[in-house]
Each structure stands twice: as C-alpha cells, then as structure tokens.
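Pasted below: query.tsv, TSV, C-alpha atoms.
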chain	number	residue	atom	x	y	z
B	1	MET	CA	0.00	0.00	0.00
B	2	GLY	CA	2.85	2.41	0.79
B	3	LYS	CA	4.33	1.91	-2.69
B	4	TRP	CA	1.04	2.89	-4.34
B	5	ILE	CA	0.77	6.06	-2.22
B	6	ARG	CA	4.34	7.06	-3.11
B	7	LYS	CA	3.64	6.61	-6.82
B	8	THR	CA	0.38	8.57	-6.51
B	9	ILE	CA	2.27	11.45	-4.92
B	10	ILE	CA	4.79	11.34	-7.78
B	11	VAL	CA	1.96	11.52	-10.35
B	12	ILE	CA	0.40	14.47	-8.49
B	13	LEU	CA	3.77	16.27	-8.44
B	14	LEU	CA	4.19	15.65	-12.17
B	15	LEU	CA	0.68	16.93	-12.84
B	16	CYS	CA	1.27	20.03	-10.73
B	17	GLY	CA	4.49	20.71	-12.59
B	18	THR	CA	2.70	20.37	-15.94
B	19	LEU	CA	-0.24	22.58	-14.92
B	20	LEU	CA	2.01	25.29	-13.47
B	21	GLY	CA	4.14	25.41	-16.59
B	22	GLY	CA	7.09	23.53	-15.16
B	23	MET	CA	7.45	25.64	-11.98
B	24	VAL	CA	7.31	22.46	-9.88
B	25	THR	CA	9.60	19.63	-10.85
B	26	ALA	CA	10.07	16.17	-9.47
B	27	GLN	CA	13.08	13.93	-9.86
B	28	ILE	CA	11.80	10.48	-10.79
B	29	PRO	CA	13.93	7.53	-11.84
B	30	VAL	CA	13.07	6.29	-15.34
B	31	ALA	CA	12.34	2.83	-13.96
B	32	SER	CA	9.37	4.13	-11.93
B	33	VAL	CA	7.64	5.44	-15.08
B	34	GLU	CA	8.01	2.05	-16.75
B	35	ASP	CA	6.87	0.19	-13.63
B	36	PRO	CA	3.78	-1.97	-14.43
B	37	SER	CA	1.93	-0.67	-11.37
B	38	VAL	CA	2.12	2.87	-12.80
B	39	LYS	CA	0.60	1.66	-16.05
B	40	LYS	CA	-2.20	0.01	-14.10
B	41	SER	CA	-2.85	3.24	-12.21
B	42	SER	CA	-3.36	5.05	-15.52
B	43	ASP	CA	-6.58	3.05	-15.90
B	44	PHE	CA	-8.03	5.23	-13.15
B	45	PHE	CA	-7.67	8.30	-15.37
B	46	ARG	CA	-9.92	7.21	-18.27
B	47	SER	CA	-12.96	9.30	-17.23
B	48	SER	CA	-13.89	11.61	-14.39
B	49	PHE	CA	-16.72	13.72	-13.02
B	50	PHE	CA	-14.26	16.26	-11.65
B	51	MET	CA	-11.71	16.73	-14.44
B	52	THR	CA	-12.07	17.96	-18.01
B	53	PRO	CA	-10.97	15.73	-20.89
B	54	MET	CA	-7.90	17.95	-21.39
B	55	GLU	CA	-6.88	17.49	-17.74
B	56	LEU	CA	-7.26	13.71	-18.12
B	57	VAL	CA	-5.06	13.77	-21.23
B	58	THR	CA	-2.47	15.79	-19.31
B	59	ILE	CA	-2.44	13.17	-16.55
B	60	GLN	CA	-2.08	10.36	-19.10
B	61	ARG	CA	0.80	12.20	-20.81
B	62	ALA	CA	2.50	12.75	-17.44
B	63	LEU	CA	2.16	9.05	-16.62
B	64	SER	CA	3.75	8.13	-19.94
B	65	GLY	CA	6.62	10.57	-19.36
B	66	LYS	CA	5.57	13.20	-21.90
B	67	THR	CA	5.11	16.86	-21.11
B	68	SER	CA	2.46	19.16	-22.52
B	69	SER	CA	1.82	22.86	-22.66
B	70	ASN	CA	-0.57	24.44	-20.20
B	71	ALA	CA	-1.93	27.00	-22.69
B	72	THR	CA	-5.25	25.24	-23.19
B	73	LEU	CA	-5.61	24.16	-19.57
B	74	GLY	CA	-5.35	27.74	-18.31
B	75	MET	CA	-8.23	29.10	-20.40
B	76	ALA	CA	-11.29	30.20	-18.51
B	77	LYS	CA	-14.77	29.80	-20.00
B	78	GLY	CA	-14.90	33.55	-20.81
B	79	ASP	CA	-11.71	33.21	-22.90
B	80	ILE	CA	-13.24	30.86	-25.48
B	81	PRO	CA	-12.92	32.45	-28.93
B	82	ALA	CA	-16.05	32.45	-31.08
B	83	HIS	CA	-14.13	31.68	-34.30
B	84	ARG	CA	-12.39	28.31	-33.79
B	85	ILE	CA	-11.02	26.46	-36.79
B	86	ILE	CA	-8.60	23.71	-37.70
B	87	ARG	CA	-6.81	24.59	-40.93
B	88	VAL	CA	-4.31	22.30	-42.65
B	89	SER	CA	-2.22	24.32	-45.10
B	90	GLY	CA	0.27	21.67	-46.15
B	91	VAL	CA	1.85	18.30	-45.36
B	92	VAL	CA	5.39	17.00	-45.91
B	93	TYR	CA	5.49	13.24	-45.36
B	94	ARG	CA	8.70	11.19	-45.21
B	95	THR	CA	7.85	8.32	-42.84
B	96	ALA	CA	5.26	7.63	-40.14
B	97	GLU	CA	7.64	9.18	-37.57
B	98	ASP	CA	9.07	11.95	-39.78
B	99	TRP	CA	6.55	14.46	-41.12
B	100	ILE	CA	5.62	18.14	-40.97
B	101	VAL	CA	2.07	19.55	-41.01
B	102	TRP	CA	1.31	23.26	-41.28
B	103	MET	CA	-1.78	23.67	-39.14
B	104	ASN	CA	-3.44	26.95	-38.13
B	105	GLY	CA	-0.38	28.85	-39.35
B	106	GLN	CA	2.05	26.83	-37.21
B	107	LYS	CA	4.54	24.10	-37.99
B	108	VAL	CA	3.56	20.82	-36.30
B	109	THR	CA	6.00	17.89	-36.04
B	110	PRO	CA	5.96	14.66	-33.99
B	111	GLU	CA	8.16	16.42	-31.41
B	112	LYS	CA	6.27	19.76	-31.42
B	113	LEU	CA	2.49	19.39	-31.22
B	114	LEU	CA	-0.11	22.05	-30.57
B	115	PRO	CA	-1.57	21.81	-27.05
B	116	GLU	CA	-5.05	21.00	-28.42
B	117	ILE	CA	-3.81	17.93	-30.32
B	118	ILE	CA	-4.58	14.75	-28.41
B	119	ASP	CA	-3.48	12.36	-31.15
B	120	ILE	CA	-2.31	12.83	-34.73
B	121	GLU	CA	-1.51	10.35	-37.46
B	122	VAL	CA	-0.17	11.47	-40.81
B	123	ARG	CA	-0.85	8.63	-43.25
B	124	ASP	CA	0.73	10.13	-46.34
B	125	SER	CA	1.10	13.55	-47.89
B	126	SER	CA	-2.65	13.81	-48.41
B	127	LYS	CA	-4.33	12.74	-45.12
B	128	VAL	CA	-4.06	13.81	-41.49
B	129	ASP	CA	-6.10	11.88	-38.90
B	130	LEU	CA	-6.56	14.13	-35.90
B	131	LYS	CA	-8.00	14.02	-32.40
B	132	TRP	CA	-8.39	17.64	-31.29
B	133	TYR	CA	-9.59	18.88	-27.89
B	134	ASP	CA	-11.91	21.88	-28.24
B	135	ILE	CA	-12.31	24.06	-25.16
B	136	GLY	CA	-15.68	25.41	-26.35
B	137	LEU	CA	-17.27	21.99	-26.88
B	138	ASN	CA	-15.29	20.53	-23.95
B	139	ARG	CA	-14.74	17.30	-25.85
B	140	VAL	CA	-12.38	15.64	-28.30
B	141	ILE	CA	-13.11	15.90	-32.03
B	142	SER	CA	-11.96	13.11	-34.38
B	143	ILE	CA	-11.51	14.29	-37.96
B	144	THR	CA	-9.52	13.52	-41.10
B	145	LEU	CA	-8.26	16.56	-43.02
B	146	ARG	CA	-6.40	16.99	-46.29
B	147	PRO	CA	-4.12	19.89	-47.24
B	148	HIS	CA	-6.02	23.13	-47.94
B	149	GLN	CA	-9.05	22.09	-45.91
B	150	THR	CA	-10.53	24.03	-43.00
B	151	TYR	CA	-12.83	22.65	-40.33
B	152	ASP	CA	-15.06	25.17	-38.56
B	153	ILE	CA	-15.44	23.75	-35.05
B	154	PRO	CA	-18.60	25.55	-33.79
B	155	THR	CA	-20.65	24.75	-36.91
B	156	GLY	CA	-19.03	21.40	-37.74
B	157	ILE	CA	-18.60	22.36	-41.41
B	158	LEU	CA	-15.64	21.19	-43.49
B	159	LEU	CA	-14.63	23.93	-45.92
B	160	PRO	CA	-12.43	23.51	-49.00
B	161	GLY	CA	-9.54	25.93	-49.39
B	162	GLY	CA	-7.31	27.54	-46.81
B	163	GLN	CA	-9.61	30.38	-45.80

Transcribe the structure of this file into structure tokens.
Amino acid sequence: MGKWIRKTIIVILLLCGTLLGGMVTAQIPVASVEDPSVKKSSDFFRSSFFMTPMELVTIQRALSGKTSSNATLGMAKGDIPAHRIIRVSGVVYRTAEDWIVWMNGQKVTPEKLLPEIIDIEVRDSSKVDLKWYDIGLNRVISITLRPHQTYDIPTGILLPGGQ
C-alpha cells in the first residue's frame, strides 16, 4: 500500500508541474515510469466527473513521461474564442515518424504538437487523422483533413480551401 501512495504522490507532483508550466519539478527515476503498477494506475484516469478531458489527457501524458503545454488548460470559460477552426495548409510526409504539417499557421511535427492535439496520425502527404480537444465543446473531435481544408469547429462544417 505504501508503494502505491508514493507513486500517486509522484503523479500528483508531475501533474502540478505540468499545470504550473514547469514551476514544480520532481526527480523520478526512469524505472518508476516504466513500472507496471504505474501503467495500471493510468486506468483510473480514463474518465472523471471532476476533471475535463484535457486534464485527463495531461495526466495520461504525465504518466507516460511526456510533457504538454498548459496554454489550453489555463483558459477560462470567458476566454473561449467564437471563431475556432482547424486549418491544414500543407503536409510534408517522409515516414510515419518523420513528417511536418502546417496547421493553423504553425509548424507541427511529432516532437512539437499544438496543445489542443490529443493524437495525430499522418498517413501520407494527403491525409491527417486528428484528435483535437476543443475548449468550447469541452470534448475531443476526431476528424480527417487533407491539405487546404478548413474545419469550422462551432458549426461542424468542413470547408475547401485555406480560408
């Protein structure tokens, strides 16, 4: 029981460090992240009445050893922009692990994802499968986009062209 409590405290410290933008850090041996009991504890963070989907994703990323930006987590309900879109301007595909997508005017790579991206899979130079967390809908959107397509989130309309 004491081992589980220690690992829970480590997860909470990691989460606090992620939510505060890295102000709190914890020194954790790599072996503890790969410990099977930590993977089992991630099953507790599948759904919650008290946390938003983005907070749950942040916990899951912390458990897997990844860090994420706190830009989306810090938004209050009054800060939700009315015009929310997902625009794919272009795709450069080399391999499944080596690609570049220009999305919403920013360069997205496997190492540098936008904070709203939960999961992304670039199949080839013409398709991007995306799971995107929208703060206004407070849920994850699953969509496939091609270059020069724009998805208007509030209306749910897929528009051709980059405008």

| query | Can you tell me, as number ranges by chain, what residues are no more than 9 Å from Gly136 (chain B) when counting only C-alpha atoms, ignoring any on the same chain fewer than 6 positions away? | reply | B: 77, 80-82, 84, 153-154

| said: With all atoms listed in the file as the counted atoms, please give the residues lying no more than 6 Å from region 87-98 of chain B, apart from itself and same-chain residues fewer than 6 positions off, as a PyMOL selection string. | reply: chain B and resi 104+124-125+147-150

| query | CA of Leu63 (chain B) and CA of Trp99 (chain B), how far apart in Å? | reply |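 We find that CA of Trp99 (chain B) and CA of Leu63 (chain B) lie 25.5 Å from each other.
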
| field | Residues near Asp119 (chain B), cut-off 10 Å, all atoms listed in the file, skip fewer than 5 positions along chain, as a list in words | value |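 Counting only the stated atoms, we get Leu113, Asp129, Leu130, Lys131, Trp132, Tyr133, Val140 and Ser142 of chain B.
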
| said: Here is a test: counting all atoms listed in the file, which residue of B:Ile86, B:Ser48, B:Val101, B:Ile59 is nearest to Pro160 (chain B)? | reply: B:Ile86

| request: Tell me, in Å to one decimal, how far CA of Arg139 (chain B) is from CA of Ser126 (chain B). | output: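 Straight-line distance from CA of Arg139 (chain B) to CA of Ser126 (chain B) works out to 25.8 Å.
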
| Expressed in Å to a single decimal, how great is the separation between CA of Ile100 (chain B) and CA of Arg123 (chain B)? |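 Distance reported for this atom pair: 11.7 Å.
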
| said: What's around Asp152 (chain B) at 8 Å? Count all atoms listed in the file, leave out sequence neighbours fewer than 5 positions away in its own chain, and write the answer as a list in words. | reply: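 Neighbouring residues, sequence-local ones excluded: His83, Arg84, Ile85, Ile86, Ile157, Leu158 and Leu159 of chain B.
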
| message | Could you check the closest approach to Lys127 (chain B) for each of B:Gly105, B:Gly161, B:Asp79, B:Leu145 and tell me which residue wins, using all atoms listed in the file? | response |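 Closest residue, counting all atoms listed in the file: B:Leu145.
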
| query | Using all atoms listed in the file, which of the listed residues (B:Pro53, B:Met103, B:Ile120, B:Leu137) sits closest to Thr155 (chain B)? | reply |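 Looking at the shortest contact to Thr155 (chain B), the residue is B:Leu137.
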